[in-house]
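Shown next: structure_36.cif, containing mmCIF, C-alpha atoms.
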```
data_final
#
loop_
_atom_site.label_atom_id
_atom_site.label_comp_id
_atom_site.auth_asym_id
_atom_site.auth_seq_id
_atom_site.Cartn_x
_atom_site.Cartn_y
_atom_site.Cartn_z
CA MET A 1 -58.34 49.09 -23.98
CA ARG A 2 -61.20 46.78 -23.01
CA GLY A 3 -61.41 43.60 -25.04
CA LEU A 4 -58.25 44.26 -27.09
CA ASP A 5 -55.85 41.34 -27.33
CA TYR A 6 -52.37 42.60 -28.18
CA ARG A 7 -51.61 39.28 -29.87
CA TRP A 8 -53.98 40.41 -32.61
CA ILE A 9 -51.96 43.57 -33.26
CA GLU A 10 -48.72 41.62 -32.94
CA THR A 11 -50.00 39.44 -35.76
CA LEU A 12 -50.95 42.47 -37.85
CA ASP A 13 -47.46 43.85 -37.29
CA ALA A 14 -45.91 40.58 -38.44
CA VAL A 15 -48.06 40.41 -41.59
CA VAL A 16 -47.12 43.98 -42.57
CA ASP A 17 -43.47 43.55 -41.63
CA TYR A 18 -42.96 40.21 -43.38
CA ARG A 19 -45.29 41.11 -46.25
CA SER A 20 -47.30 37.88 -46.18
CA PHE A 21 -49.56 35.73 -43.98
CA GLU A 22 -47.32 32.70 -44.51
CA LYS A 23 -44.12 34.38 -43.34
CA ALA A 24 -45.94 35.99 -40.41
CA ALA A 25 -47.14 32.54 -39.34
CA LYS A 26 -43.58 31.19 -39.39
CA LYS A 27 -42.34 34.18 -37.40
CA LEU A 28 -45.04 33.75 -34.73
CA CYS A 29 -44.83 29.94 -34.76
CA ILE A 30 -48.54 29.57 -35.43
CA SER A 31 -50.56 28.30 -38.39
CA GLN A 32 -51.50 30.51 -41.32
CA SER A 33 -55.17 29.99 -40.48
CA ALA A 34 -54.45 31.26 -36.95
CA VAL A 35 -52.92 34.40 -38.46
CA SER A 36 -56.07 34.96 -40.52
CA GLN A 37 -58.26 34.34 -37.49
CA ARG A 38 -56.39 36.87 -35.36
CA ILE A 39 -56.69 39.52 -38.07
CA LYS A 40 -60.42 38.82 -38.33
CA GLN A 41 -60.79 39.11 -34.55
CA LEU A 42 -58.99 42.47 -34.60
CA GLU A 43 -61.27 43.69 -37.38
CA LYS A 44 -64.33 42.49 -35.47
CA TRP A 45 -63.12 44.35 -32.37
CA SER A 46 -62.45 47.58 -34.32
CA SER A 47 -65.58 47.17 -36.50
CA GLN A 48 -63.56 48.00 -39.64
CA PRO A 49 -60.78 46.59 -41.82
CA VAL A 50 -57.24 46.83 -40.49
CA LEU A 51 -55.52 45.29 -43.51
CA VAL A 52 -55.68 45.87 -47.25
CA ARG A 53 -55.45 42.36 -48.65
CA GLU A 54 -53.23 42.93 -51.66
CA GLN A 55 -49.69 41.86 -52.46
CA PRO A 56 -47.93 42.79 -50.28
CA PRO A 57 -50.56 43.35 -47.56
CA ARG A 58 -50.63 46.83 -46.05
CA ALA A 59 -52.32 48.34 -43.02
CA THR A 60 -55.37 50.57 -43.38
CA LEU A 61 -55.44 53.93 -41.59
CA VAL A 62 -57.00 52.25 -38.55
CA GLY A 63 -54.45 49.46 -38.81
CA GLN A 64 -51.64 52.02 -38.82
CA LYS A 65 -52.99 53.63 -35.66
CA LEU A 66 -53.21 50.26 -33.94
CA LEU A 67 -49.66 49.44 -35.02
CA GLY A 68 -48.51 52.77 -33.62
CA LEU A 69 -50.13 51.90 -30.29
CA TYR A 70 -48.61 48.42 -30.29
CA ARG A 71 -45.10 49.66 -31.09
CA ARG A 72 -45.25 52.30 -28.38
CA VAL A 73 -46.39 49.77 -25.80
CA SER A 74 -43.70 47.30 -26.94
CA LEU A 75 -41.00 49.95 -26.71
CA LEU A 76 -42.08 51.14 -23.28
CA GLU A 77 -42.16 47.50 -22.18
CA GLN A 78 -38.62 46.97 -23.45
CA ASP A 79 -37.49 50.08 -21.60
CA LEU A 80 -39.22 49.14 -18.34
CA LEU A 81 -38.71 45.39 -17.98
CA PRO A 82 -34.93 45.44 -17.35
CA ASP A 83 -35.58 47.48 -14.19
CA LEU A 84 -38.12 44.90 -13.01
CA ASN A 85 -36.49 41.72 -14.23
CA SER A 86 -32.70 41.52 -14.44
CA SER A 87 -32.90 38.46 -16.66
CA ASP A 88 -34.06 40.68 -19.53
CA SER A 89 -31.28 43.25 -19.09
CA ASP A 90 -29.21 41.90 -22.00
CA LEU A 91 -31.97 42.36 -24.55
CA PRO A 92 -31.47 45.37 -26.87
CA ILE A 93 -34.19 47.98 -27.17
CA ASP A 94 -35.36 48.49 -30.76
CA VAL A 95 -35.69 52.18 -31.58
CA SER A 96 -36.76 53.65 -34.92
CA ILE A 97 -36.03 57.28 -35.84
CA ALA A 98 -37.15 59.22 -38.91
CA THR A 99 -34.59 61.68 -40.24
CA ASN A 100 -33.64 63.55 -43.35
CA ALA A 101 -30.50 62.29 -45.11
CA ASP A 102 -28.51 65.47 -44.50
CA SER A 103 -28.86 65.31 -40.72
CA LEU A 104 -27.86 61.64 -40.78
CA ALA A 105 -24.78 62.49 -42.87
CA THR A 106 -23.64 65.33 -40.62
CA TRP A 107 -24.51 65.74 -36.93
CA LEU A 108 -27.04 63.04 -35.95
CA LEU A 109 -24.72 60.05 -35.61
CA PRO A 110 -22.18 61.91 -33.41
CA SER A 111 -25.05 63.03 -31.17
CA LEU A 112 -26.08 59.41 -30.58
CA ALA A 113 -22.63 57.85 -30.27
CA PRO A 114 -22.32 58.30 -26.45
CA ILE A 115 -25.72 56.76 -25.71
CA LEU A 116 -25.03 53.88 -28.12
CA LEU A 117 -21.83 53.12 -26.21
CA GLU A 118 -23.63 53.14 -22.87
CA SER A 119 -27.01 51.57 -23.70
CA LYS A 120 -28.17 48.44 -25.50
CA LEU A 121 -29.98 50.02 -28.42
CA ALA A 122 -30.76 48.64 -31.86
CA LEU A 123 -31.35 51.75 -33.97
CA ASN A 124 -33.36 51.76 -37.18
CA PHE A 125 -33.06 54.97 -39.23
CA ILE A 126 -35.92 55.67 -41.61
CA VAL A 127 -34.62 58.25 -44.08
CA ASP A 128 -37.02 60.55 -45.89
CA ASP A 129 -37.43 64.15 -46.96
CA GLU A 130 -37.57 66.60 -44.03
CA ASN A 131 -41.10 67.52 -45.13
CA ARG A 132 -42.30 63.90 -44.80
CA THR A 133 -40.61 62.46 -41.70
CA LEU A 134 -43.31 63.65 -39.29
CA GLU A 135 -45.80 61.32 -40.94
CA LYS A 136 -43.68 58.38 -39.74
CA LEU A 137 -44.21 59.51 -36.14
CA ARG A 138 -47.91 60.08 -36.75
CA THR A 139 -48.38 56.50 -37.95
CA GLY A 140 -46.33 55.06 -35.10
CA GLU A 141 -43.47 53.78 -37.25
CA VAL A 142 -40.90 55.73 -35.22
CA VAL A 143 -40.43 57.16 -31.73
CA GLY A 144 -39.08 60.47 -32.98
CA ALA A 145 -38.66 62.47 -36.17
CA ILE A 146 -36.41 65.26 -37.38
CA CYS A 147 -38.31 67.63 -39.66
CA ILE A 148 -38.89 71.28 -40.53
CA GLU A 149 -42.44 71.39 -39.12
CA ASN A 150 -42.74 73.19 -35.78
CA ASN A 151 -46.31 72.17 -34.93
CA SER A 152 -46.39 69.01 -32.86
CA ILE A 153 -48.95 66.23 -33.20
CA PRO A 154 -51.17 65.11 -30.27
CA GLY A 155 -49.22 63.39 -27.52
CA CYS A 156 -45.89 64.71 -28.80
CA VAL A 157 -43.68 67.78 -28.42
CA ALA A 158 -41.44 69.58 -30.90
CA ASP A 159 -38.06 70.85 -29.70
CA PHE A 160 -36.14 73.33 -31.83
CA LEU A 161 -32.74 71.94 -32.83
CA GLY A 162 -31.21 74.68 -34.95
CA ILE A 163 -30.78 75.93 -38.49
CA SER A 164 -29.51 73.86 -41.40
CA GLU A 165 -28.01 76.31 -43.91
CA TYR A 166 -27.72 75.21 -47.54
CA ILE A 167 -25.34 76.97 -49.91
CA CYS A 168 -25.01 76.63 -53.67
CA VAL A 169 -21.62 75.17 -54.59
CA ALA A 170 -19.61 73.75 -57.46
CA SER A 171 -16.04 72.67 -58.15
CA PRO A 172 -13.57 75.26 -59.53
CA GLY A 173 -13.44 73.38 -62.84
CA PHE A 174 -17.24 73.36 -63.10
CA CYS A 175 -17.31 77.11 -62.40
CA GLN A 176 -14.79 77.74 -65.16
CA ARG A 177 -16.79 75.65 -67.61
CA TYR A 178 -20.28 76.96 -66.91
CA PHE A 179 -20.00 80.14 -64.83
CA SER A 180 -16.97 81.93 -66.27
CA ASP A 181 -19.21 84.97 -66.96
CA GLY A 182 -21.07 84.63 -63.65
CA VAL A 183 -24.09 82.74 -62.35
CA THR A 184 -27.00 83.93 -64.45
CA ARG A 185 -30.35 82.65 -65.59
CA GLU A 186 -28.82 81.74 -68.94
CA SER A 187 -25.82 79.87 -67.50
CA LEU A 188 -28.01 77.92 -65.07
CA MET A 189 -30.13 76.68 -67.95
CA LYS A 190 -27.02 74.94 -69.36
CA ALA A 191 -25.37 73.78 -66.11
CA PRO A 192 -26.34 70.32 -64.70
CA ALA A 193 -27.70 70.31 -61.15
CA VAL A 194 -28.28 67.63 -58.49
CA VAL A 195 -31.49 66.89 -56.57
CA PHE A 196 -31.99 64.24 -53.89
CA ASN A 197 -35.26 62.61 -55.00
CA GLN A 198 -38.73 63.40 -56.35
CA TYR A 199 -39.71 64.99 -53.03
CA ASP A 200 -36.74 67.35 -52.94
CA HIS A 201 -38.12 70.73 -53.96
CA MET A 202 -35.36 72.85 -52.43
CA HIS A 203 -33.41 73.32 -55.67
CA GLU A 204 -36.61 74.12 -57.54
CA GLN A 205 -37.53 76.79 -54.98
CA PHE A 206 -34.00 78.23 -55.05
CA ILE A 207 -33.77 78.77 -58.81
CA GLN A 208 -37.41 79.86 -59.07
CA LYS A 209 -37.08 82.50 -56.37
CA ASN A 210 -33.68 83.86 -57.34
CA PHE A 211 -33.48 83.31 -61.10
CA SER A 212 -37.12 82.87 -62.22
CA LEU A 213 -36.35 79.39 -63.54
CA SER A 214 -38.51 76.29 -63.36
CA ILE A 215 -36.95 72.92 -62.59
CA THR A 216 -38.04 71.68 -66.01
CA SER A 217 -35.79 74.32 -67.59
CA VAL A 218 -32.57 72.85 -66.21
CA VAL A 219 -30.63 69.61 -66.51
CA LYS A 220 -30.66 67.67 -63.25
CA HIS A 221 -29.24 64.45 -61.83
CA THR A 222 -31.13 62.58 -59.10
CA VAL A 223 -29.22 60.78 -56.34
CA ARG A 224 -30.60 59.39 -53.10
CA SER A 225 -27.49 59.75 -50.96
CA SER A 226 -26.05 62.79 -49.21
CA GLU A 227 -22.54 61.42 -49.69
CA ALA A 228 -23.12 60.88 -53.42
CA PHE A 229 -24.50 64.40 -53.57
CA VAL A 230 -21.17 65.79 -52.37
CA ASN A 231 -19.10 63.39 -54.51
CA LEU A 232 -20.96 64.28 -57.68
CA THR A 233 -20.35 67.97 -57.00
CA THR A 234 -16.67 67.68 -56.10
CA LEU A 235 -16.10 65.58 -59.22
CA GLY A 236 -17.19 68.57 -61.28
CA VAL A 237 -20.24 66.84 -62.74
CA ALA A 238 -22.84 69.26 -61.37
CA TYR A 239 -23.55 72.11 -58.98
CA SER A 240 -25.82 71.66 -55.96
CA LEU A 241 -27.30 72.96 -52.72
CA ILE A 242 -25.48 71.27 -49.82
CA PRO A 243 -25.55 71.87 -46.04
CA LYS A 244 -22.66 74.17 -45.17
CA LEU A 245 -21.86 71.94 -42.19
CA GLN A 246 -21.30 68.95 -44.48
CA ILE A 247 -18.69 70.57 -46.74
CA SER A 248 -16.66 72.78 -44.39
CA ASP A 249 -13.42 70.97 -45.30
CA GLU A 250 -14.08 71.12 -49.05
CA LEU A 251 -14.72 74.87 -48.81
CA LYS A 252 -11.55 75.48 -46.80
CA GLU A 253 -9.39 73.39 -49.13
CA GLY A 254 -10.88 74.90 -52.28
CA GLY A 255 -12.44 71.71 -53.61
CA LEU A 256 -15.81 73.45 -53.68
CA VAL A 257 -16.72 77.10 -54.21
CA ASN A 258 -19.80 78.97 -53.02
CA ILE A 259 -20.98 80.23 -56.40
CA VAL A 260 -23.55 82.71 -55.05
CA PRO A 261 -22.33 83.78 -51.56
CA GLU A 262 -25.15 86.27 -51.18
CA LEU A 263 -27.79 83.54 -51.53
CA SER A 264 -28.59 80.56 -49.32
CA ILE A 265 -31.50 78.56 -47.89
CA SER A 266 -31.97 78.12 -44.14
CA ASN A 267 -34.22 75.35 -42.87
CA PRO A 268 -35.20 75.17 -39.17
CA LEU A 269 -35.01 71.66 -37.75
CA TYR A 270 -37.19 70.25 -34.95
CA TRP A 271 -37.09 67.02 -32.97
CA HIS A 272 -40.60 65.63 -32.59
CA HIS A 273 -40.98 62.97 -29.90
CA TRP A 274 -43.42 61.57 -27.37
CA GLN A 275 -44.40 63.93 -24.60
CA LEU A 276 -44.13 61.25 -21.92
CA GLU A 277 -40.69 59.66 -22.15
CA SER A 278 -38.58 57.83 -19.63
CA GLY A 279 -35.41 55.80 -19.42
CA VAL A 280 -33.37 55.39 -22.56
CA LEU A 281 -35.91 57.22 -24.74
CA LYS A 282 -35.57 60.35 -22.65
CA GLN A 283 -31.78 60.02 -22.77
CA LEU A 284 -31.93 59.68 -26.55
CA SER A 285 -34.03 62.84 -26.94
CA ASN A 286 -31.79 64.81 -24.59
CA ALA A 287 -28.69 63.69 -26.50
CA ILE A 288 -30.13 64.77 -29.85
CA ILE A 289 -31.37 68.14 -28.57
CA GLN A 290 -28.22 69.07 -26.66
CA TYR A 291 -25.80 68.09 -29.43
CA ALA A 292 -27.81 69.86 -32.13
CA LYS A 293 -27.92 73.08 -30.11
CA GLU A 294 -24.12 72.96 -29.82
CA LYS A 295 -23.39 72.20 -33.49
CA LEU A 296 -26.20 73.89 -35.45
CA PRO A 297 -26.67 77.68 -35.76
CA GLN A 298 -29.50 78.78 -33.52
CA GLN A 299 -30.54 81.70 -35.68
CA LYS A 300 -30.14 82.89 -39.24
#
```

Produce structure tokens that represent the structure in this file.
Amino acid sequence: MRGLDYRWIETLDAVVDYRSFEKAAKKLCISQSAVSQRIKQLEKWSSQPVLVREQPPRATLVGQKLLGLYRRVSLLEQDLLPDLNSSDSDLPIDVSIATNADSLATWLLPSLAPILLESKLALNFIVDDENRTLEKLRTGEVVGAICIENNSIPGCVADFLGISEYICVASPGFCQRYFSDGVTRESLMKAPAVVFNQYDHMHEQFIQKNFSLSITSVVKHTVRSSEAFVNLTTLGVAYSLIPKLQISDELKEGGLVNIVPELSISNPLYWHHWQLESGVLKQLSNAIIQYAKEKLPQQK
């Protein structure tokens, strides 16, 4: 892009990443005034603010788009330079992926294990609700995102991975305590449930659709860990909706019981990634897609 100095965006990235002009200056080995000057030059070039000057500083919408461009160029550079200059071959390639917690806790890590053993990657997982991960790709924070949205954004493609089936489970002791007369609207109003975070609306949709209950009518615990989700349920503290893939052993051994076998929620998962990929990025996408198609149901 004519007239754009990537050092300006590098400085913006440092300010946002290190959350201050002072720390960005130390990282870049320049003065704090030089940091300010570069940001001003970038804003002059773009004819609009790129940074909201609050504590901590944050990028504007235009700033986010520029950061997305910069991170893509940096990643492609990291992927290309080892083929052109062997002296850089020992440097790891930094790769950020947005994923929902359940995929990370079940099939995603095994899908990436082979490529991690063969390639010099430094992975950064950004974990968010499967309804929100695509925004991370849109802003350039990540190179790929696992989400339930099938419509791709410009410059990217969406590959179908499979179905994540959630079933409603509880421990045998919990069932005896709360559901001895069956799972009903009345018993669910007394039984504690588990939700992941404030963006997790799956449980709310489940009880609303099947039992005409609002989430405000039930007792709920909030945990932000898929592993804690399972632990809280197996301990008999609450019932919950958990991916069937994650609790296959607990179901076989009787530690958890499917309390409503006729009901479940099936979420389609898609891998959103750049349309033009090469090298290790293409290998990473292929590994995710192929493994998911082997391990996840491909239809309801």

Residues returned when the PyMOL selection byres ((chain A and resi 41) around 12) runs on this file, as a PyMOL selection string: chain A and resi 3-9+11-12+34-40+42-50

Tell me, in Å to one decimal, how far CA of Ser226 in chain A is from CA of Thr139 in chain A.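 Separation between CA of Ser226 in chain A and CA of Thr139 in chain A: 25.8 Å.
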
Once the PyMOL selection byres ((chain A and resi 165) around 10) has been evaluated on this model, what residues remain selected, and can you format them as a PDB file with C-alpha atoms, in the frame of the given file?
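The resulting file, result.pdb, is shown below:
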```
ATOM      1  CA  GLY A 162     -31.210  74.680 -34.950  1.00  0.00           C
ATOM      2  CA  ILE A 163     -30.780  75.930 -38.490  1.00  0.00           C
ATOM      3  CA  SER A 164     -29.510  73.860 -41.400  1.00  0.00           C
ATOM      4  CA  TYR A 166     -27.720  75.210 -47.540  1.00  0.00           C
ATOM      5  CA  ILE A 167     -25.340  76.970 -49.910  1.00  0.00           C
ATOM      6  CA  LEU A 241     -27.300  72.960 -52.720  1.00  0.00           C
ATOM      7  CA  ILE A 242     -25.480  71.270 -49.820  1.00  0.00           C
ATOM      8  CA  PRO A 243     -25.550  71.870 -46.040  1.00  0.00           C
ATOM      9  CA  LYS A 244     -22.660  74.170 -45.170  1.00  0.00           C
ATOM     10  CA  LEU A 245     -21.860  71.940 -42.190  1.00  0.00           C
ATOM     11  CA  GLN A 246     -21.300  68.950 -44.480  1.00  0.00           C
ATOM     12  CA  SER A 264     -28.590  80.560 -49.320  1.00  0.00           C
ATOM     13  CA  ILE A 265     -31.500  78.560 -47.890  1.00  0.00           C
ATOM     14  CA  SER A 266     -31.970  78.120 -44.140  1.00  0.00           C
ATOM     15  CA  ASN A 267     -34.220  75.350 -42.870  1.00  0.00           C
ATOM     16  CA  PRO A 268     -35.200  75.170 -39.170  1.00  0.00           C
ATOM     17  CA  LEU A 296     -26.200  73.890 -35.450  1.00  0.00           C
ATOM     18  CA  PRO A 297     -26.670  77.680 -35.760  1.00  0.00           C
ATOM     19  CA  LYS A 300     -30.140  82.890 -39.240  1.00  0.00           C
TER      20      LYS A 300
END
```

Would you write out, as an mmCIF file with C-alpha atoms, keeping the file's coordinate frame, every residue that the PyMOL selection byres ((chain A and resi 130) around 10) captures in this file?
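Written output follows (result05.cif):
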```
data_model
loop_
_atom_site.group_PDB
_atom_site.id
_atom_site.type_symbol
_atom_site.label_atom_id
_atom_site.label_comp_id
_atom_site.auth_asym_id
_atom_site.auth_seq_id
_atom_site.Cartn_x
_atom_site.Cartn_y
_atom_site.Cartn_z
ATOM 1 C CA ALA A 98 -37.150 59.220 -38.910
ATOM 2 C CA THR A 99 -34.590 61.680 -40.240
ATOM 3 C CA ASN A 100 -33.640 63.550 -43.350
ATOM 4 C CA ALA A 101 -30.500 62.290 -45.110
ATOM 5 C CA ASP A 102 -28.510 65.470 -44.500
ATOM 6 C CA SER A 103 -28.860 65.310 -40.720
ATOM 7 C CA VAL A 127 -34.620 58.250 -44.080
ATOM 8 C CA ASP A 128 -37.020 60.550 -45.890
ATOM 9 C CA ASP A 129 -37.430 64.150 -46.960
ATOM 10 C CA ASN A 131 -41.100 67.520 -45.130
ATOM 11 C CA ARG A 132 -42.300 63.900 -44.800
ATOM 12 C CA THR A 133 -40.610 62.460 -41.700
ATOM 13 C CA LEU A 134 -43.310 63.650 -39.290
ATOM 14 C CA ALA A 145 -38.660 62.470 -36.170
ATOM 15 C CA ILE A 146 -36.410 65.260 -37.380
ATOM 16 C CA CYS A 147 -38.310 67.630 -39.660
ATOM 17 C CA ILE A 148 -38.890 71.280 -40.530
ATOM 18 C CA GLU A 149 -42.440 71.390 -39.120
ATOM 19 C CA TYR A 199 -39.710 64.990 -53.030
ATOM 20 C CA ASP A 200 -36.740 67.350 -52.940
ATOM 21 C CA ASN A 267 -34.220 75.350 -42.870
ATOM 22 C CA LEU A 269 -35.010 71.660 -37.750
ATOM 23 C CA TYR A 270 -37.190 70.250 -34.950
#
```

Determine, counting all atoms listed in the file, which protein, DNA and RNA residues have an atom within 9 Å of an atom of range 109-123 of chain A; residues of the same chain fewer than 4 positions away are not included. Present the result as a PyMOL selection string. chain A and resi 89-97+103-105+280+283-284+287-292

One decimal, Å: what's the distance from CA of Ser187 in chain A over to CA of Gln205 in chain A, could you say? 17.4 Å

The distance between CA of Gln176 in chain A and CA of Ala191 in chain A is 11.3 Å

Using all atoms listed in the file, which residue out of A:Ser180, A:Ile207, A:Val52, A:Phe196 lies closest to Glu227 in chain A?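 Nearest candidate to Glu227 in chain A out of A:Ser180, A:Ile207, A:Val52, A:Phe196: A:Phe196.
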
Find the spatial neighbours of Cys175 in chain A, counting only C-alpha atoms, within a cut-off of 10 Å - ignore same-chain residues fewer than 2 positions away - and output them as a PyMOL selection string. chain A and resi 169-173+177-183+191+236+238-239+256-259

Step by step: start from the point (-48.4, 39.4, -45.5) in the file's coordinates, keep every protein, DNA or RNA residue that has an atom no farther than 12 Å from it, count all atoms listed in the file, and write the set as a PDB file with C-alpha atoms, in the coordinates of the input.
```pdb
ATOM      1  CA  THR A  11     -50.000  39.440 -35.760  1.00  0.00           C
ATOM      2  CA  LEU A  12     -50.950  42.470 -37.850  1.00  0.00           C
ATOM      3  CA  ASP A  13     -47.460  43.850 -37.290  1.00  0.00           C
ATOM      4  CA  ALA A  14     -45.910  40.580 -38.440  1.00  0.00           C
ATOM      5  CA  VAL A  15     -48.060  40.410 -41.590  1.00  0.00           C
ATOM      6  CA  VAL A  16     -47.120  43.980 -42.570  1.00  0.00           C
ATOM      7  CA  ASP A  17     -43.470  43.550 -41.630  1.00  0.00           C
ATOM      8  CA  TYR A  18     -42.960  40.210 -43.380  1.00  0.00           C
ATOM      9  CA  ARG A  19     -45.290  41.110 -46.250  1.00  0.00           C
ATOM     10  CA  SER A  20     -47.300  37.880 -46.180  1.00  0.00           C
ATOM     11  CA  PHE A  21     -49.560  35.730 -43.980  1.00  0.00           C
ATOM     12  CA  GLU A  22     -47.320  32.700 -44.510  1.00  0.00           C
ATOM     13  CA  LYS A  23     -44.120  34.380 -43.340  1.00  0.00           C
ATOM     14  CA  ALA A  24     -45.940  35.990 -40.410  1.00  0.00           C
ATOM     15  CA  ALA A  25     -47.140  32.540 -39.340  1.00  0.00           C
ATOM     16  CA  LYS A  26     -43.580  31.190 -39.390  1.00  0.00           C
ATOM     17  CA  LYS A  27     -42.340  34.180 -37.400  1.00  0.00           C
ATOM     18  CA  GLN A  32     -51.500  30.510 -41.320  1.00  0.00           C
ATOM     19  CA  VAL A  35     -52.920  34.400 -38.460  1.00  0.00           C
ATOM     20  CA  SER A  36     -56.070  34.960 -40.520  1.00  0.00           C
ATOM     21  CA  ILE A  39     -56.690  39.520 -38.070  1.00  0.00           C
ATOM     22  CA  LEU A  51     -55.520  45.290 -43.510  1.00  0.00           C
ATOM     23  CA  VAL A  52     -55.680  45.870 -47.250  1.00  0.00           C
ATOM     24  CA  ARG A  53     -55.450  42.360 -48.650  1.00  0.00           C
ATOM     25  CA  GLU A  54     -53.230  42.930 -51.660  1.00  0.00           C
ATOM     26  CA  GLN A  55     -49.690  41.860 -52.460  1.00  0.00           C
ATOM     27  CA  PRO A  56     -47.930  42.790 -50.280  1.00  0.00           C
ATOM     28  CA  PRO A  57     -50.560  43.350 -47.560  1.00  0.00           C
ATOM     29  CA  ARG A  58     -50.630  46.830 -46.050  1.00  0.00           C
ATOM     30  CA  ALA A  59     -52.320  48.340 -43.020  1.00  0.00           C
TER      31      ALA A  59
END
```

Closest to Glu277 in chain A among A:Pro192, A:Pro154, A:Pro261, A:Gly144, using all atoms listed in the file?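 Of all the options, A:Gly144 lies closest to Glu277 in chain A.
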
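Counting only C-alpha atoms and comparing A:Val230, A:Ile247, A:Leu76, A:Ile30, the residue that lies closest to Ala193 in chain A is A:Val230.
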